[in-house]
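Heads up, the thing below is written out as structure tokens.
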Amino acid sequence: MKAKLLAAAAAAVLMCAGHAAAQSAPRPAPAEPKAFIERAEAELAAMNEYANRAQWIRANFITEDTQWIEAKVGGEQKELFTRLAKEAARFDGVAADAATARKLKLLKLFLSLPAPDRPGAAAEVAQLTTKLDSIYSTGKLQVGGKTLTLNDAEDVLAESRDPAQLKAVWEGWHAVATPMKGDYAKLAGLLNEGARGMGYKDLGALWRGGYDMEPDAFAAEEDRLWKQVEPFYRNLHCYVRARLNAKYGDAVQPKTGPIRADLLGNMWAQQWGNIYDVVEPKGASSSYSLDKLLPEKGYDAVRMVKTGEGFYTSLGLAPLPETFWERSLITRPRDREVVCHASAWNLDDRNDIRIKMCTKVNAEDFQTVHHELGHNYYQRAYADQPFLFKNGANEGFHEAIGDFVALSAITPTYLKQIGVLDTVPGESEDIPFLLKMALDKIAFLPFGLMVDKWRWQVFDGTVQPAQYNDAWWALKLKYQGIAPPGPRPADAFDPGAKYHVAAGVPYARYFMAHIYQFQFHRAACAQAGWKGPLHRCSVYGDKAVGEKFDRMMRLGQSQPWPETLKVFTGETRSDASAVADYFKPLDAWLVKQNRGQQCGW
Ligand code: X8Z
Ligand code: ZN
């Protein structure tokens, strides 16, 4: 599971289970932990490659049989982890060298979906996980006599400006998740039991434990960062709501209260860049649309990926291996079911890196391509680390690498360098550009936060199955100021309509990545000697920046992330001031636009 989407199931834990065993078994000699961990790493690496291959096949070819095989291997992998984690508990409190001590901790943190330690439980967890992911990935909806895939439905959400059609497609996709609810509740119970077996109070605590701090300290850290950016989000929300009201009228989008979820250009209202045309500043419009330019300049999916590779090689990193091109899935196949949600893989934890995505030729996927390649370049950079250090400094770092690169790759300066744009717009286009970026990056923050706040409540028992949907919408309202387009059916399970909930992938990582990427960008631009506004900075071709960046990536998870952050940025804390620096001119502009409006919801 480790390599998957970086990684569908990598994760977090610290464990105190096994104290009884540690008391009754003879105290191991000090040299033992190192020998144990080396044996464990060898076993884990072999199992990991086996599991990766089964997962790759199922994700590229969803059938009854590939699900069966993936679930079988997944169960075996979970059993191995449970056994090793129990054995590792024998070394609690035993002196070990620093690397071994860290590995012992990471071993317990490795599996994000742990199974209870009793016969049949690992297989059941694996079956439910595979099943939910497969329901999501093969989901279809019927609208206006047509059968739509999620890809088709996303296109409607992005392009249609007909509220009735938007509502129908939005509701149609969310209905796909209704049958997941019972399995999800069952799975949550099993995973919690697995997490408790690892010494955590529940699975949410286990997930929060993967950030080199106590689980509760991580939750507080996220809240601290959110407080830094929340005023900005509220300004954006206020401006966008007013423009939606102007376009659709009071009956569709009232002037006050939450924004209707299906009007924001995205199925989950998580990135709003697709409605830039609706909210474009009056009198200061953008002179180009990357959505239009890419097809006009002859881009296809493969060329987008080659272009992404070109950015990484310009930093001095090695080209992708030939096998990447032979084995990746870059466009949606027409003859079979696949998991279209984009992911990056390293099958053998060495050089067999691949992406799997149903790429569309548009601005959103231009950025996603850079995002996924970031995972691959990170995987390759730490490939020489021992197995348990082959991971991001934390999960947020893994998600931030490619986004950091995309912050340069989306600048007009860079787009002109590669011939996509003919002229670099002047200062008058700074606000339109920043607004476009904020629609994606600032709008994302409360979504990135609320997904796991919901799961933490599910896992700690605050939210029971009967309240799943209401609790989801309560959080969406509280953090995002978003409401569904109409009353939700009593049996709705809207969280399951989001990939990471159905597939069991932790989500706080993306919130953190949306902070880290701006810290990386600010630091890289300073290293490059950039003196202008941050949003105009591109580090394309800067080998010195690339060298330092590679130095950070090569460390993998071998030391606590603050030390690794320091290597590239000189900072040792997560800090949203880089987000504020980047968007400063826009925030001032939004405040001016919102004058006289009653903001908030
Ligand atoms: O899932 C992803 C990546 C794969 S790790 C495409 N992202 C999140 C999402 O789609 O919800 C990237 C941004 C947030
Ligand atoms: Zn990712």
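FYI, nothing fancy with the structure tokens labels: chains A, B, ... in order, residues from 1 per chain, ligands from 1 as they appear.
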What's the 9 Å shell around range 49-57 of chain A, counting only C-alpha atoms, without same-chain residues fewer than 3 positions away, as a compact mmCIF listing (two decimals) with N, CA, C and O atoms, in the first residue's frame?
```
# COMPACT_ATOMS: atom_id res chain seq x y z
N MET A 1 0.83 -1.21 0.00
CA MET A 1 0.00 0.00 0.00
C MET A 1 0.85 1.25 0.00
O MET A 1 0.40 2.31 -0.35
N LYS A 2 2.10 1.11 0.40
CA LYS A 2 2.87 2.31 0.70
C LYS A 2 2.97 3.26 -0.48
O LYS A 2 2.90 4.48 -0.32
N ALA A 3 3.13 2.70 -1.68
CA ALA A 3 3.38 3.59 -2.80
C ALA A 3 2.14 4.24 -3.34
O ALA A 3 2.21 5.21 -4.08
N LYS A 4 1.00 3.71 -2.97
CA LYS A 4 -0.23 4.14 -3.62
C LYS A 4 -0.62 5.56 -3.26
O LYS A 4 -0.71 5.92 -2.12
N LEU A 44 9.12 -6.58 5.13
CA LEU A 44 8.16 -5.56 4.70
C LEU A 44 8.37 -5.17 3.25
O LEU A 44 7.41 -4.98 2.49
N ALA A 45 9.62 -5.04 2.85
CA ALA A 45 9.91 -4.61 1.48
C ALA A 45 9.38 -5.64 0.49
O ALA A 45 8.78 -5.30 -0.53
N ALA A 46 9.61 -6.92 0.80
CA ALA A 46 9.15 -7.97 -0.11
C ALA A 46 7.62 -7.96 -0.19
O ALA A 46 7.03 -8.02 -1.28
N ASN A 60 -5.95 -0.67 -12.23
CA ASN A 60 -5.91 -0.51 -13.69
C ASN A 60 -6.88 -1.42 -14.42
O ASN A 60 -6.96 -1.40 -15.64
N PHE A 61 -7.60 -2.25 -13.67
CA PHE A 61 -8.41 -3.28 -14.31
C PHE A 61 -9.35 -3.82 -13.24
O PHE A 61 -9.11 -4.85 -12.64
N ILE A 62 -10.41 -3.06 -12.95
CA ILE A 62 -11.27 -3.43 -11.82
C ILE A 62 -12.24 -4.53 -12.23
O ILE A 62 -13.14 -4.30 -13.05
N THR A 66 -9.71 -9.18 -9.76
CA THR A 66 -8.59 -8.34 -9.31
C THR A 66 -8.89 -7.76 -7.92
O THR A 66 -7.98 -7.53 -7.13
N GLN A 67 -10.18 -7.56 -7.63
CA GLN A 67 -10.53 -7.12 -6.28
C GLN A 67 -10.22 -8.23 -5.27
O GLN A 67 -9.73 -7.98 -4.18
N ILE A 69 -7.98 -10.57 -5.51
CA ILE A 69 -6.53 -10.72 -5.32
C ILE A 69 -5.98 -9.57 -4.47
O ILE A 69 -5.22 -9.78 -3.53
N GLU A 70 -6.41 -8.35 -4.78
CA GLU A 70 -5.92 -7.21 -4.00
C GLU A 70 -6.29 -7.37 -2.52
O GLU A 70 -5.48 -7.12 -1.62
N ALA A 71 -7.54 -7.78 -2.28
CA ALA A 71 -7.98 -7.93 -0.89
C ALA A 71 -7.20 -9.04 -0.18
O ALA A 71 -6.85 -8.92 1.00
N VAL A 73 -4.08 -10.12 -0.83
CA VAL A 73 -2.73 -9.65 -0.51
C VAL A 73 -2.79 -8.60 0.60
O VAL A 73 -1.95 -8.58 1.51
N GLY A 74 -3.79 -7.72 0.50
CA GLY A 74 -3.93 -6.68 1.51
C GLY A 74 -4.08 -7.27 2.91
O GLY A 74 -3.49 -6.79 3.88
N GLU A 76 -2.99 -10.21 3.88
CA GLU A 76 -1.70 -10.80 4.28
C GLU A 76 -0.74 -9.70 4.76
O GLU A 76 -0.01 -9.86 5.74
N GLN A 77 -0.79 -8.58 4.07
CA GLN A 77 0.10 -7.47 4.43
C GLN A 77 -0.25 -6.94 5.83
O GLN A 77 0.62 -6.67 6.65
N TRP A 345 3.01 6.17 -8.12
CA TRP A 345 3.40 4.89 -7.53
C TRP A 345 4.90 4.66 -7.66
O TRP A 345 5.53 5.16 -8.58
N ASN A 346 5.41 3.86 -6.74
CA ASN A 346 6.73 3.29 -6.92
C ASN A 346 6.60 1.81 -6.61
O ASN A 346 6.50 1.41 -5.46
N LEU A 347 6.55 1.02 -7.66
CA LEU A 347 6.20 -0.40 -7.48
C LEU A 347 7.24 -1.18 -6.70
O LEU A 347 6.91 -2.04 -5.89
N ASP A 348 8.52 -0.89 -6.96
CA ASP A 348 9.57 -1.71 -6.34
C ASP A 348 10.39 -0.93 -5.31
O ASP A 348 11.44 -1.39 -4.86
N ASP A 349 9.93 0.27 -4.96
CA ASP A 349 10.66 1.14 -4.04
C ASP A 349 12.06 1.47 -4.54
O ASP A 349 12.94 1.84 -3.76
```
* Per-residue DSSP, range 67-193 of chain A, filtered to strand (DSSP E or B), as number ranges by chain -> A: 111, 141-143, 146-148
Generate the output file for the selected residues, N, CA and C atoms, as a compact mmCIF listing (two decimals), in the first residue's frame.
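Contents of result.txt, freshly written:
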```txt
# COMPACT_ATOMS: atom_id res chain seq x y z
N LEU A 111 1.13 1.64 8.89
CA LEU A 111 -0.13 1.22 8.26
C LEU A 111 -1.27 2.14 8.67
N LEU A 141 -23.74 7.68 -13.07
CA LEU A 141 -25.01 8.33 -12.78
C LEU A 141 -25.78 8.54 -14.07
N GLN A 142 -27.10 8.56 -13.93
CA GLN A 142 -27.99 8.76 -15.09
C GLN A 142 -28.56 10.17 -14.99
N VAL A 143 -28.27 10.97 -15.99
CA VAL A 143 -28.86 12.31 -16.00
C VAL A 143 -29.33 12.63 -17.42
N LYS A 146 -28.78 10.10 -20.08
CA LYS A 146 -27.38 9.70 -20.39
C LYS A 146 -26.71 9.08 -19.17
N THR A 147 -25.79 8.15 -19.44
CA THR A 147 -24.99 7.56 -18.36
C THR A 147 -23.67 8.32 -18.28
N LEU A 148 -23.37 8.83 -17.10
CA LEU A 148 -22.14 9.61 -16.93
C LEU A 148 -21.17 8.92 -15.97
```
* Test item: residues lying within 8 Å of ligand 2 with only C-alpha atoms and all ligand atoms, as a ChimeraX atom specification -> /A:5-6,342-344,371-372,375,398-400,510
* Near-range 171-180 of chain A list (7 Å; only C-alpha atoms; drop same-chain fewer than 4 positions) as a PyMOL selection string -> chain A and resi 132+139+141-142+167+184+491-494+496-497
Restrict the selected residues to all heavy atoms and save them as a short mmCIF file (atom, residue, chain, number, x, y, z; two decimals), in the first residue's frame.
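New file again-v9.cif:
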```cif
data_model
loop_
_atom_site.label_atom_id
_atom_site.label_comp_id
_atom_site.auth_asym_id
_atom_site.auth_seq_id
_atom_site.Cartn_x
_atom_site.Cartn_y
_atom_site.Cartn_z
N LEU A 132 -15.07 -0.58 -1.23
CA LEU A 132 -15.51 0.82 -1.22
C LEU A 132 -14.80 1.62 -2.31
O LEU A 132 -15.42 2.42 -3.02
CB LEU A 132 -15.27 1.44 0.16
CG LEU A 132 -16.19 0.92 1.27
CD1 LEU A 132 -15.72 1.41 2.64
CD2 LEU A 132 -17.64 1.35 1.03
N GLY A 139 -18.42 4.04 -10.20
CA GLY A 139 -19.74 4.68 -10.04
C GLY A 139 -20.20 5.40 -11.30
O GLY A 139 -19.40 6.02 -12.00
N LEU A 141 -23.74 7.68 -13.07
CA LEU A 141 -25.01 8.33 -12.78
C LEU A 141 -25.78 8.54 -14.07
O LEU A 141 -25.20 8.64 -15.15
CB LEU A 141 -24.79 9.66 -12.04
CG LEU A 141 -23.86 10.69 -12.67
CD1 LEU A 141 -24.27 12.08 -12.24
CD2 LEU A 141 -22.43 10.43 -12.23
N GLN A 142 -27.10 8.56 -13.93
CA GLN A 142 -27.99 8.76 -15.09
C GLN A 142 -28.56 10.17 -14.99
O GLN A 142 -29.23 10.48 -14.02
CB GLN A 142 -29.16 7.77 -15.06
CG GLN A 142 -28.80 6.32 -14.79
CD GLN A 142 -28.08 5.69 -15.96
OE1 GLN A 142 -28.30 6.07 -17.12
NE2 GLN A 142 -27.21 4.73 -15.68
N LYS A 167 -27.44 20.92 -10.36
CA LYS A 167 -28.04 20.24 -9.21
C LYS A 167 -28.27 18.76 -9.53
O LYS A 167 -27.96 17.87 -8.72
CB LYS A 167 -29.36 20.93 -8.85
CG LYS A 167 -30.10 20.36 -7.65
CD LYS A 167 -31.24 21.30 -7.25
CE LYS A 167 -31.93 20.88 -5.97
NZ LYS A 167 -33.03 19.95 -6.16
N TYR A 184 -19.07 1.27 5.40
CA TYR A 184 -18.17 2.27 5.99
C TYR A 184 -18.22 2.19 7.52
O TYR A 184 -17.19 2.21 8.20
CB TYR A 184 -18.49 3.69 5.52
CG TYR A 184 -17.39 4.65 5.89
CD1 TYR A 184 -16.26 4.77 5.09
CD2 TYR A 184 -17.44 5.37 7.08
CE1 TYR A 184 -15.20 5.59 5.46
CE2 TYR A 184 -16.39 6.19 7.46
CZ TYR A 184 -15.28 6.31 6.63
OH TYR A 184 -14.23 7.11 7.00
N ASP A 491 -31.15 8.69 3.67
CA ASP A 491 -30.11 7.65 3.63
C ASP A 491 -28.81 8.12 2.95
O ASP A 491 -27.91 7.33 2.69
CB ASP A 491 -30.63 6.40 2.91
CG ASP A 491 -31.04 6.68 1.45
OD1 ASP A 491 -31.08 7.89 1.07
OD2 ASP A 491 -31.30 5.72 0.71
N ALA A 492 -28.71 9.41 2.67
CA ALA A 492 -27.51 9.90 1.96
C ALA A 492 -26.25 9.67 2.78
O ALA A 492 -26.27 9.73 4.02
CB ALA A 492 -27.66 11.40 1.66
N PHE A 493 -25.15 9.39 2.06
CA PHE A 493 -23.83 9.26 2.70
C PHE A 493 -22.85 10.09 1.88
O PHE A 493 -22.00 9.57 1.16
CB PHE A 493 -23.42 7.77 2.76
CG PHE A 493 -22.08 7.55 3.41
CD1 PHE A 493 -21.81 8.04 4.69
CD2 PHE A 493 -21.07 6.87 2.74
CE1 PHE A 493 -20.57 7.84 5.28
CE2 PHE A 493 -19.83 6.65 3.34
CZ PHE A 493 -19.58 7.15 4.60
N ASP A 494 -23.00 11.41 1.96
CA ASP A 494 -22.23 12.31 1.10
C ASP A 494 -20.72 12.26 1.30
O ASP A 494 -19.97 12.48 0.34
CB ASP A 494 -22.77 13.74 1.25
CG ASP A 494 -24.22 13.83 0.75
OD1 ASP A 494 -24.56 13.06 -0.17
OD2 ASP A 494 -25.00 14.64 1.28
N GLY A 496 -18.94 9.73 1.43
CA GLY A 496 -18.44 8.65 0.55
C GLY A 496 -18.33 9.06 -0.91
O GLY A 496 -17.72 8.35 -1.71
N ALA A 497 -18.91 10.21 -1.25
CA ALA A 497 -18.79 10.70 -2.63
C ALA A 497 -17.45 11.39 -2.86
O ALA A 497 -17.19 11.91 -3.95
CB ALA A 497 -19.94 11.66 -2.95
#
```
* **Nearby residues (only C-alpha atoms) at most 12 Å from Asp384 in chain A, same-chain spacing under 3 positions excluded, as a PyMOL selection string** => chain A and resi 349-351+378-381+387-391+553-558
Kindly save the residues from that selection, with N, CA, C and O atoms included, as a tab-separated table (two decimals), in the first residue's frame.
```tsv
chain	number	residue	atom	x	y	z
A	349	ASP	N	9.93	0.27	-4.96
A	349	ASP	CA	10.66	1.14	-4.04
A	349	ASP	C	12.06	1.47	-4.54
A	349	ASP	O	12.94	1.84	-3.76
A	350	ARG	N	12.26	1.30	-5.83
A	350	ARG	CA	13.55	1.69	-6.42
A	350	ARG	C	13.27	2.67	-7.56
A	350	ARG	O	13.09	3.84	-7.33
A	351	ASN	N	13.19	2.13	-8.77
A	351	ASN	CA	13.12	3.02	-9.93
A	351	ASN	C	11.87	2.80	-10.77
A	351	ASN	O	11.71	3.43	-11.81
A	378	TYR	N	10.04	12.56	-5.52
A	378	TYR	CA	10.35	12.39	-4.08
A	378	TYR	C	10.70	10.91	-3.83
A	378	TYR	O	11.71	10.59	-3.21
A	379	GLN	N	9.85	10.01	-4.33
A	379	GLN	CA	10.10	8.57	-4.15
A	379	GLN	C	11.48	8.20	-4.66
A	379	GLN	O	12.21	7.42	-4.03
A	380	ARG	N	11.82	8.75	-5.78
A	380	ARG	CA	13.11	8.39	-6.36
A	380	ARG	C	14.26	9.00	-5.55
A	380	ARG	O	15.31	8.39	-5.38
A	381	ALA	N	14.04	10.21	-5.03
A	381	ALA	CA	15.11	10.87	-4.27
A	381	ALA	C	15.46	10.09	-3.00
A	381	ALA	O	16.62	10.02	-2.60
A	387	PHE	N	14.30	0.93	4.12
A	387	PHE	CA	12.87	0.82	3.81
A	387	PHE	C	11.99	1.73	4.66
A	387	PHE	O	11.11	2.43	4.15
A	388	LEU	N	12.19	1.74	5.96
A	388	LEU	CA	11.27	2.49	6.83
A	388	LEU	C	11.48	4.00	6.75
A	388	LEU	O	10.66	4.76	7.27
A	389	PHE	N	12.54	4.44	6.11
A	389	PHE	CA	12.72	5.88	5.89
A	389	PHE	C	12.30	6.30	4.48
A	389	PHE	O	12.40	7.47	4.12
A	390	LYS	N	11.86	5.34	3.68
A	390	LYS	CA	11.41	5.66	2.31
A	390	LYS	C	10.01	6.22	2.38
A	390	LYS	O	9.03	5.53	2.10
A	391	ASN	N	9.92	7.47	2.75
A	391	ASN	CA	8.62	8.12	2.83
A	391	ASN	C	8.85	9.63	2.92
A	391	ASN	O	9.99	10.07	3.08
A	553	MET	N	14.74	16.31	-0.21
A	553	MET	CA	13.94	15.13	-0.60
A	553	MET	C	14.68	13.83	-0.31
A	553	MET	O	14.08	12.83	0.09
A	554	ARG	N	16.00	13.84	-0.52
A	554	ARG	CA	16.78	12.61	-0.32
A	554	ARG	C	16.70	12.09	1.12
A	554	ARG	O	16.89	10.92	1.39
A	555	LEU	N	16.42	13.00	2.07
A	555	LEU	CA	16.36	12.60	3.48
A	555	LEU	C	15.15	11.71	3.79
A	555	LEU	O	15.14	11.01	4.81
A	556	GLY	N	14.15	11.75	2.93
A	556	GLY	CA	12.95	10.95	3.20
A	556	GLY	C	12.44	11.22	4.60
A	556	GLY	O	12.33	12.37	5.04
A	557	GLN	N	12.14	10.12	5.31
A	557	GLN	CA	11.58	10.25	6.67
A	557	GLN	C	12.64	9.90	7.73
A	557	GLN	O	12.30	9.44	8.81
A	558	SER	N	13.91	10.13	7.39
A	558	SER	CA	14.99	9.66	8.27
A	558	SER	C	15.15	10.49	9.54
A	558	SER	O	15.86	10.10	10.45
```
* Asked: When DSSP works through the backbone of this structure, what residues of range 9-242 of chain A end up as alpha helix (DSSP H), shown as number ranges by chain?
  -> A: 19-24, 32-60, 64-88, 98-109, 121-138, 150-159, 163-175, 181-197, 203-208, 215-242
* Nearest residue to ligand 1 from the set A:Gly596, A:Gly570, A:Gly396, A:Gly486 (distances using only C-alpha atoms and all ligand atoms) ->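 Checking each candidate against ligand 1, we get A:Gly396 as the closest.
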* To do: Find the residues near Ile330 in chain A: any atom within 12 Å, counting only C-alpha atoms, skip ones fewer than 3 places away on the same chain, and give them as an NGL selection string.
  => :A and (60 or 300-306 or 324-327 or 333 or 338-344 or 354-361 or 365 or 368-369 or 372)
For the residues in that selection, give me N, CA, C and O atoms as a short mmCIF file (atom, residue, chain, number, x, y, z; two decimals), in the first residue's frame.
```
data_model
loop_
_atom_site.label_atom_id
_atom_site.label_comp_id
_atom_site.auth_asym_id
_atom_site.auth_seq_id
_atom_site.Cartn_x
_atom_site.Cartn_y
_atom_site.Cartn_z
N ASN A 60 -5.95 -0.67 -12.23
CA ASN A 60 -5.91 -0.51 -13.69
C ASN A 60 -6.88 -1.42 -14.42
O ASN A 60 -6.96 -1.40 -15.64
N ASP A 300 -1.41 17.40 -25.76
CA ASP A 300 -2.23 16.25 -25.39
C ASP A 300 -1.74 15.78 -24.02
O ASP A 300 -0.83 16.40 -23.44
N ALA A 301 -2.34 14.71 -23.51
CA ALA A 301 -2.01 14.30 -22.14
C ALA A 301 -0.53 13.96 -21.98
O ALA A 301 0.12 14.38 -21.02
N VAL A 302 0.02 13.22 -22.93
CA VAL A 302 1.42 12.80 -22.80
C VAL A 302 2.34 14.03 -22.85
O VAL A 302 3.30 14.14 -22.07
N ARG A 303 2.01 14.97 -23.72
CA ARG A 303 2.86 16.17 -23.81
C ARG A 303 2.79 16.97 -22.50
O ARG A 303 3.78 17.59 -22.09
N MET A 304 1.65 16.94 -21.85
CA MET A 304 1.56 17.62 -20.55
C MET A 304 2.51 16.96 -19.54
O MET A 304 3.20 17.64 -18.78
N VAL A 305 2.57 15.64 -19.56
CA VAL A 305 3.46 14.95 -18.61
C VAL A 305 4.92 15.22 -18.98
O VAL A 305 5.76 15.45 -18.11
N LYS A 306 5.22 15.20 -20.29
CA LYS A 306 6.60 15.49 -20.73
C LYS A 306 7.00 16.91 -20.30
O LYS A 306 8.14 17.16 -19.90
N PHE A 324 8.80 4.37 -16.96
CA PHE A 324 7.70 5.26 -16.57
C PHE A 324 6.74 5.42 -17.74
O PHE A 324 5.51 5.35 -17.58
N TRP A 325 7.31 5.63 -18.92
CA TRP A 325 6.48 5.88 -20.09
C TRP A 325 5.81 4.61 -20.57
O TRP A 325 4.69 4.63 -21.08
N GLU A 326 6.48 3.50 -20.41
CA GLU A 326 5.90 2.22 -20.84
C GLU A 326 4.76 1.77 -19.93
O GLU A 326 3.80 1.16 -20.37
N ARG A 327 4.87 2.07 -18.64
CA ARG A 327 3.96 1.45 -17.66
C ARG A 327 2.90 2.36 -17.07
O ARG A 327 1.95 1.90 -16.45
N PRO A 333 -8.75 4.63 -20.18
CA PRO A 333 -9.02 3.61 -21.20
C PRO A 333 -10.52 3.47 -21.41
O PRO A 333 -11.30 3.68 -20.48
N VAL A 338 -11.23 1.53 -14.38
CA VAL A 338 -9.99 1.83 -13.66
C VAL A 338 -10.29 2.82 -12.53
O VAL A 338 -11.34 3.44 -12.50
N VAL A 339 -9.33 2.96 -11.62
CA VAL A 339 -9.42 4.03 -10.62
C VAL A 339 -8.89 5.29 -11.30
O VAL A 339 -7.70 5.39 -11.56
N CYS A 340 -9.78 6.22 -11.60
CA CYS A 340 -9.32 7.42 -12.30
C CYS A 340 -8.71 8.46 -11.37
O CYS A 340 -8.00 9.35 -11.81
N HIS A 341 -9.00 8.37 -10.08
CA HIS A 341 -8.42 9.38 -9.19
C HIS A 341 -6.89 9.32 -9.31
O HIS A 341 -6.29 8.26 -9.13
N ALA A 342 -6.28 10.47 -9.59
CA ALA A 342 -4.85 10.50 -9.92
C ALA A 342 -3.99 9.97 -8.77
O ALA A 342 -4.26 10.25 -7.60
N SER A 343 -2.94 9.24 -9.12
CA SER A 343 -2.01 8.74 -8.11
C SER A 343 -0.63 8.54 -8.71
O SER A 343 -0.45 8.49 -9.92
N ALA A 344 0.36 8.45 -7.82
CA ALA A 344 1.75 8.20 -8.24
C ALA A 344 2.25 6.99 -7.47
O ALA A 344 1.96 6.83 -6.28
N ARG A 354 5.68 5.31 -11.56
CA ARG A 354 4.62 5.45 -12.57
C ARG A 354 3.54 6.42 -12.05
O ARG A 354 3.38 6.56 -10.84
N ILE A 355 2.80 7.01 -12.96
CA ILE A 355 1.58 7.69 -12.55
C ILE A 355 0.39 6.97 -13.16
O ILE A 355 0.53 6.19 -14.12
N LYS A 356 -0.75 7.22 -12.57
CA LYS A 356 -1.99 6.65 -13.10
C LYS A 356 -3.03 7.74 -12.98
O LYS A 356 -3.43 8.11 -11.89
N MET A 357 -3.39 8.33 -14.10
CA MET A 357 -4.44 9.35 -14.05
C MET A 357 -5.16 9.46 -15.39
O MET A 357 -4.60 9.15 -16.43
N CYS A 358 -6.42 9.86 -15.33
CA CYS A 358 -7.23 10.01 -16.53
C CYS A 358 -7.13 11.48 -16.95
O CYS A 358 -8.05 12.26 -16.75
N THR A 359 -5.96 11.81 -17.49
CA THR A 359 -5.61 13.22 -17.72
C THR A 359 -6.53 13.88 -18.73
O THR A 359 -6.81 13.33 -19.80
N LYS A 360 -6.97 15.09 -18.37
CA LYS A 360 -7.69 15.94 -19.32
C LYS A 360 -6.77 17.09 -19.70
O LYS A 360 -5.95 17.52 -18.87
N VAL A 361 -6.91 17.57 -20.91
CA VAL A 361 -6.04 18.68 -21.33
C VAL A 361 -6.66 19.98 -20.85
O VAL A 361 -7.44 20.63 -21.56
N ASP A 365 -5.56 19.83 -14.69
CA ASP A 365 -4.70 18.65 -14.81
C ASP A 365 -3.26 19.00 -15.16
O ASP A 365 -2.34 18.22 -14.91
N THR A 368 -2.13 19.06 -11.83
CA THR A 368 -2.14 17.71 -11.24
C THR A 368 -0.96 16.88 -11.76
O THR A 368 -0.36 16.10 -11.01
N VAL A 369 -0.61 17.06 -13.03
CA VAL A 369 0.53 16.34 -13.58
C VAL A 369 1.80 16.70 -12.79
O VAL A 369 2.59 15.82 -12.40
N GLU A 372 1.58 14.99 -9.31
CA GLU A 372 1.90 13.55 -9.30
C GLU A 372 3.38 13.30 -9.53
O GLU A 372 4.00 12.45 -8.88
#
```
Tell me, as an mmCIF file with N, CA, C and O atoms, in the first residue's frame, which residues lie within 7 Å of Glu280 in chain A, counting only C-alpha atoms; anything in the same chain fewer than 4 positions away does not count.
```
data_model
loop_
_atom_site.group_PDB
_atom_site.id
_atom_site.type_symbol
_atom_site.label_atom_id
_atom_site.label_comp_id
_atom_site.auth_asym_id
_atom_site.auth_seq_id
_atom_site.Cartn_x
_atom_site.Cartn_y
_atom_site.Cartn_z
ATOM 1 N N TYR A 276 -13.786 30.812 -12.595
ATOM 2 C CA TYR A 276 -13.120 32.117 -12.723
ATOM 3 C C TYR A 276 -13.921 33.052 -13.633
ATOM 4 O O TYR A 276 -14.073 34.238 -13.354
ATOM 5 N N SER A 285 -9.712 42.138 -16.538
ATOM 6 C CA SER A 285 -9.834 40.721 -16.867
ATOM 7 C C SER A 285 -8.488 40.110 -17.269
ATOM 8 O O SER A 285 -7.528 40.807 -17.582
ATOM 9 N N PRO A 432 -6.267 39.530 -11.399
ATOM 10 C CA PRO A 432 -6.918 38.363 -12.006
ATOM 11 C C PRO A 432 -6.142 37.061 -11.778
ATOM 12 O O PRO A 432 -6.733 36.030 -11.458
#
```
* **Nearest to Thr564 in chain A by atom-to-atom distance, counting only C-alpha atoms, from A:Glu79, A:Tyr468, A:Ala393, A:Arg488** => A:Ala393
* Using only C-alpha atoms and all ligand atoms, pick whichever of A:Met267, A:Ala580, A:Ala588, A:Leu534 has the shortest atom-to-atom distance to ligand 1. =>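 The shortest atom-to-atom distance to ligand 1 comes from A:Met267.
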* Asked: Skipping near chain neighbours, those fewer than 5 positions away, what residues fall within 12 Å of Gln467 in chain A using only C-alpha atoms, listed as an NGL selection string?
  -> :A and (181 or 185 or 454 or 457-458 or 461-462 or 472-474 or 490-495)
* **Of the listed residues A:Lys531, A:Lys592, A:Lys548, A:His370, that which approaches ligand 1 most closely, counting only C-alpha atoms and all ligand atoms** =>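 The answer is A:His370, which sits nearest to ligand 1.
In this comparison, which uses only C-alpha atoms, the residue of A:Val539, A:Leu590, A:Ala438, A:Asp65 approaching Gly316 in chain A most closely is A:Val539.
A straight line drawn from CA of Ala502 in chain A to CA of Tyr136 in chain A is 6.6 Å long.
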* To do: Have a look at CA of Arg509 in chain A and CA of Glu395 in chain A and let me know their distance in Å, one decimal.
  => 5.3 Å
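If only C-alpha atoms are the atoms counted, then among A:Leu315, A:Cys525, A:Lys297, A:Lys436 the closest residue to Asp422 in chain A is A:Lys297.
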* Separation of CA of Lys498 in chain A from atom 9 (C, counted along the ligand's line) of ligand 1, in Å and rounded to one decimal ->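 Computing it gives 8.6 Å between the two atoms.
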